[in-house]
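**Q** As input, take my_file_38.json (JSON, C-alpha atoms):
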[["chain", "number", "residue", "atom", "x", "y", "z"],
["J", 1, "MET", "CA", -7.83, -0.72, 10.11],
["J", 2, "VAL", "CA", -8.42, 1.52, 7.11],
["J", 3, "CYS", "CA", -6.67, 4.46, 8.73],
["J", 4, "VAL", "CA", -3.78, 2.23, 9.89],
["J", 5, "HIS", "CA", -3.05, 1.10, 6.32],
["J", 6, "ARG", "CA", -3.18, 4.64, 5.02],
["J", 7, "GLU", "CA", -1.12, 6.20, 7.81],
["J", 8, "ALA", "CA", 1.55, 3.51, 7.42],
["J", 9, "LEU", "CA", 1.80, 4.28, 3.71],
["J", 10, "ARG", "CA", 1.96, 8.03, 4.36],
["J", 11, "VAL", "CA", 4.83, 7.56, 6.82],
["J", 12, "LEU", "CA", 6.66, 5.20, 4.45],
["J", 13, "ARG", "CA", 6.07, 7.17, 1.24],
["J", 14, "ASP", "CA", 9.50, 8.83, 1.08],
["J", 15, "SER", "CA", 11.18, 5.45, 1.60],
["J", 16, "ILE", "CA", 9.26, 3.51, -1.04],
["J", 17, "GLU", "CA", 11.13, 2.77, -4.25],
["J", 18, "THR", "CA", 8.59, 0.42, -5.86],
["J", 19, "ALA", "CA", 5.00, -0.43, -5.09],
["J", 20, "HIS", "CA", 2.32, -2.67, -6.55],
["J", 21, "VAL", "CA", -1.37, -3.16, -5.94],
["J", 22, "ASP", "CA", -3.92, -5.73, -7.04],
["J", 23, "ALA", "CA", -7.27, -4.40, -8.24],
["J", 24, "TYR", "CA", -9.08, -7.29, -6.61],
["J", 25, "SER", "CA", -10.89, -7.49, -3.32],
["J", 26, "GLY", "CA", -12.59, -10.30, -1.45],
["J", 27, "MET", "CA", -15.62, -8.04, -1.01],
["J", 28, "ALA", "CA", -17.39, -5.36, -3.01],
["J", 29, "TRP", "CA", -15.27, -2.21, -3.28],
["J", 30, "PRO", "CA", -16.72, 0.52, -1.05],
["J", 31, "ARG", "CA", -18.44, 3.19, -3.14],
["J", 32, "GLU", "CA", -15.84, 5.83, -2.23],
["J", 33, "VAL", "CA", -13.04, 3.56, -3.47],
["J", 34, "VAL", "CA", -14.53, 2.72, -6.89],
["J", 35, "PRO", "CA", -12.87, 5.71, -8.67],
["J", 36, "ALA", "CA", -9.46, 4.55, -7.38],
["J", 37, "TYR", "CA", -10.22, 1.00, -8.52],
["J", 38, "GLU", "CA", -11.07, 2.31, -12.00],
["J", 39, "GLN", "CA", -7.90, 4.43, -11.99],
["J", 40, "ALA", "CA", -5.83, 1.36, -11.08],
["J", 41, "LEU", "CA", -7.24, -0.53, -14.07],
["J", 42, "ALA", "CA", -6.47, 2.49, -16.26],
["J", 43, "MET", "CA", -2.89, 2.49, -14.90],
["J", 44, "ALA", "CA", -2.56, -1.18, -15.89],
["J", 45, "ALA", "CA", -3.93, -0.42, -19.36],
["J", 46, "ASP", "CA", -1.38, 2.40, -19.70],
["J", 47, "GLU", "CA", 1.38, -0.08, -18.81],
["J", 48, "VAL", "CA", 0.17, -2.36, -21.62],
["J", 49, "ALA", "CA", 0.08, 0.57, -24.09],
["J", 50, "GLU", "CA", 3.62, 1.58, -23.05],
["J", 51, "GLY", "CA", 4.88, -1.98, -23.51],
["J", 52, "VAL", "CA", 5.80, -2.28, -19.82],
["J", 53, "ARG", "CA", 3.13, -4.89, -19.19],
["J", 54, "SER", "CA", 2.08, -7.78, -21.40],
["J", 55, "ALA", "CA", -1.47, -7.70, -22.73],
["J", 56, "LYS", "CA", -1.64, -11.36, -21.64],
["J", 57, "ASP", "CA", -1.06, -10.42, -17.97],
["J", 58, "ASP", "CA", -4.02, -10.33, -15.63],
["J", 59, "PRO", "CA", -5.09, -6.67, -15.88],
["J", 60, "GLY", "CA", -5.84, -6.39, -12.18],
["J", 61, "MET", "CA", -2.75, -8.03, -10.69],
["J", 62, "GLY", "CA", 0.53, -6.40, -9.72],
["J", 63, "ILE", "CA", -0.22, -2.93, -11.01],
["J", 64, "ASP", "CA", 2.84, -0.70, -10.68],
["J", 65, "VAL", "CA", 2.36, 2.41, -8.55],
["J", 66, "ASP", "CA", 4.66, 5.43, -8.82],
["J", 67, "VAL", "CA", 4.40, 6.78, -5.27],
["J", 68, "ARG", "CA", 5.99, 10.10, -6.36],
["J", 69, "ASP", "CA", 2.88, 10.72, -8.46],
["J", 70, "ASP", "CA", 0.15, 12.02, -6.14],
["J", 71, "THR", "CA", -2.66, 10.52, -8.23],
["J", 72, "GLN", "CA", -1.09, 7.06, -8.27],
["J", 73, "PHE", "CA", -0.20, 7.26, -4.58],
["J", 74, "ASP", "CA", -3.83, 8.15, -3.83],
["J", 75, "VAL", "CA", -4.88, 4.97, -5.68],
["J", 76, "LEU", "CA", -2.59, 2.93, -3.43],
["J", 77, "LEU", "CA", -3.91, 4.71, -0.32],
["J", 78, "ALA", "CA", -7.51, 4.03, -1.33],
["J", 79, "LEU", "CA", -7.12, 0.39, -2.34],
["J", 80, "ALA", "CA", -4.59, -0.91, 0.21],
["J", 81, "PRO", "CA", -7.15, -1.44, 3.01],
["J", 82, "TYR", "CA", -9.44, -3.45, 0.72],
["J", 83, "THR", "CA", -7.24, -5.28, -1.78],
["J", 84, "ILE", "CA", -6.21, -8.88, -1.77],
["J", 85, "HIS", "CA", -2.60, -7.60, -1.96],
["J", 86, "ALA", "CA", -0.52, -4.42, -2.03],
["J", 87, "GLU", "CA", 3.19, -4.16, -1.40],
["J", 88, "ALA", "CA", 6.01, -1.62, -1.27],
["J", 89, "TRP", "CA", 9.76, -2.14, -1.46],
["J", 90, "ARG", "CA", 12.97, -0.30, -0.59],
["J", 91, "GLN", "CA", 16.43, -1.50, -1.59],
["J", 92, "GLY", "CA", 15.11, -4.94, -2.49],
["J", 93, "ARG", "CA", 13.37, -5.39, 0.88],
["J", 94, "GLU", "CA", 9.64, -5.39, 1.42],
["J", 95, "ILE", "CA", 8.58, -2.60, 3.80],
["J", 96, "PHE", "CA", 4.79, -2.72, 3.42],
["J", 97, "SER", "CA", 2.37, -5.54, 2.76],
["J", 98, "ALA", "CA", -1.41, -5.38, 2.95],
["J", 99, "SER", "CA", -3.48, -8.39, 2.02],
["J", 100, "ASP", "CA", -6.53, -10.51, 2.62],
["J", 101, "THR", "CA", -9.00, -7.70, 1.97],
["J", 102, "GLY", "CA", -7.86, -5.55, 4.86],
["J", 103, "THR", "CA", -7.29, -8.22, 7.48],
["J", 104, "ALA", "CA", -3.49, -8.41, 7.20],
["J", 105, "LEU", "CA", -0.95, -5.60, 7.42],
["J", 106, "TRP", "CA", 2.80, -5.78, 7.84],
["J", 107, "VAL", "CA", 5.21, -2.83, 7.86],
["J", 108, "ALA", "CA", 8.93, -2.41, 8.41],
["J", 109, "VAL", "CA", 9.74, 1.03, 9.75],
["J", 110, "THR", "CA", 12.79, 2.80, 11.07],
["J", 111, "SER", "CA", 12.73, 3.98, 14.68],
["J", 112, "GLU", "CA", 11.93, 7.51, 13.49],
["J", 113, "GLN", "CA", 9.12, 6.26, 11.25],
["J", 114, "GLU", "CA", 7.71, 4.18, 14.11],
["J", 115, "VAL", "CA", 7.50, 7.26, 16.33],
["J", 116, "ARG", "CA", 5.78, 9.25, 13.56],
["J", 117, "LEU", "CA", 3.37, 6.42, 12.76],
["J", 118, "MET", "CA", 2.41, 5.78, 16.36],
["J", 119, "SER", "CA", 1.91, 9.52, 16.92],
["J", 120, "ARG", "CA", -0.36, 9.77, 13.88],
["J", 121, "LEU", "CA", -2.35, 6.72, 14.95],
["J", 122, "ASP", "CA", -2.64, 8.00, 18.52],
["J", 123, "ALA", "CA", -4.08, 11.26, 17.17],
["J", 124, "LEU", "CA", -6.70, 9.18, 15.35],
["J", 125, "GLY", "CA", -7.55, 7.21, 18.49],
["J", 126, "VAL", "CA", -5.95, 3.96, 17.34],
["J", 127, "PRO", "CA", -4.49, 2.08, 20.32],
["J", 128, "GLN", "CA", -0.80, 1.19, 20.34],
["J", 129, "THR", "CA", -1.85, -2.45, 20.51],
["J", 130, "ALA", "CA", -2.85, -2.22, 16.84],
["J", 131, "PHE", "CA", 0.66, -3.47, 16.04],
["J", 132, "THR", "CA", 2.70, -6.36, 17.30],
["J", 133, "ALA", "CA", 6.44, -5.77, 17.07],
["J", 134, "GLN", "CA", 8.64, -8.53, 15.75],
["J", 135, "PRO", "CA", 12.36, -8.72, 16.40],
["J", 136, "ARG", "CA", 14.58, -7.54, 13.58],
["J", 137, "ARG", "CA", 15.84, -10.26, 11.30],
["J", 138, "ARG", "CA", 19.56, -10.47, 10.75]]
What would you get if you wrote out this structure as structure tokens?
**A**
Amino acid sequence: MVCVHREALRVLRDSIETAHVDAYSGMAWPREVVPAYEQALAMAADEVAEGVRSAKDDPGMGIDVDVRDDTQFDVLLALAPYTIHAEAWRQGREIFSASDTGTALWVAVTSEQEVRLMSRLDALGVPQTAFTAQPRRR
């Protein structure tokens, strides 16, 4: 599922207006993810220093991610498959949600994004059954 989380975020990146990640996992962070975890905590500390985040807030919860910044987007890519929660929004609607330490993933994609995502996943050997489509809500 790691590649599914990351490929979904890559396809959605241009659509994301706001994103947040929690620097908590229900398991030990994989060694290769630890630098991103540390960067996420540094991002939260920067928010406190800039007055955007209260020093009383939990330093690991709801860390803002600027997806236009490659370094911050890389943090989201690294942590999303392992975090207790990550989310991305467009026009007030959630378009990405990863939670439960990699066991839950939900994405809302356009038809074009769906084709791109499924093509990318197919190239990685991920079966099309990795996703269950839900009817659009009105």
**Q** What's around J:Ser111 at 12 Å? Count only C-alpha atoms, leave out sequence neighbours fewer than 2 positions away in its own chain, and write the answer as a ChimeraX atom specification.
**A** /J:11-12,108-109,113-118,133,136
**Q** Please identify all polymer residues within 12 Å of J:Asp66, counting all atoms listed in the file, omitting same-chain residues fewer than 2 positions from it, and present them as a list in words.
**A** Arg13, Asp14, Ile16, Glu17, Thr18, Ala19, His20, Val21, Ala40, Met43, Glu47, Ile63, Asp64, Arg68, Asp69, Asp70, Thr71, Gln72, Phe73, Asp74, Val75, Leu76, Ala88 and Trp89 of chain J
**Q** If we count only C-alpha atoms, what is near J:Val34 at a cut-off of 12 Å, once residues fewer than 3 positions away on the same chain are taken out, given as a PyMOL selection string?
**A** chain J and resi 23-25+28-31+37-41+75+78-79+82-83
**Q** Would you mind reading off the distance between atom CA of J:Leu9 and atom CA of J:Asp22, one decimal, in Å?
**A**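 Going from atom CA of J:Leu9 over to atom CA of J:Asp22, I get 15.8 Å.
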**Q** Calculate how many Å separate atom CA of J:His5 from atom CA of J:Val107, rounding to one decimal.
**A** 9.3 Å
**Q** From (4.3, -5.3, 3.5), in the file's coordinates, out to 9 Å: which residues are reached, counting all atoms listed in the file? Answer as a list in words.
**A** Ala86, Glu87, Ala88, Trp89, Glu94, Ile95, Phe96, Ser97, Ala98, Ser99, Leu105, Trp106, Val107 and Ala108 of chain J
**Q** What does the distance from atom CA of J:Asp100 to atom CA of J:Ile84 come to in Å, to one decimal?
**A**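 Here the two named atoms are 4.7 Å from each other.
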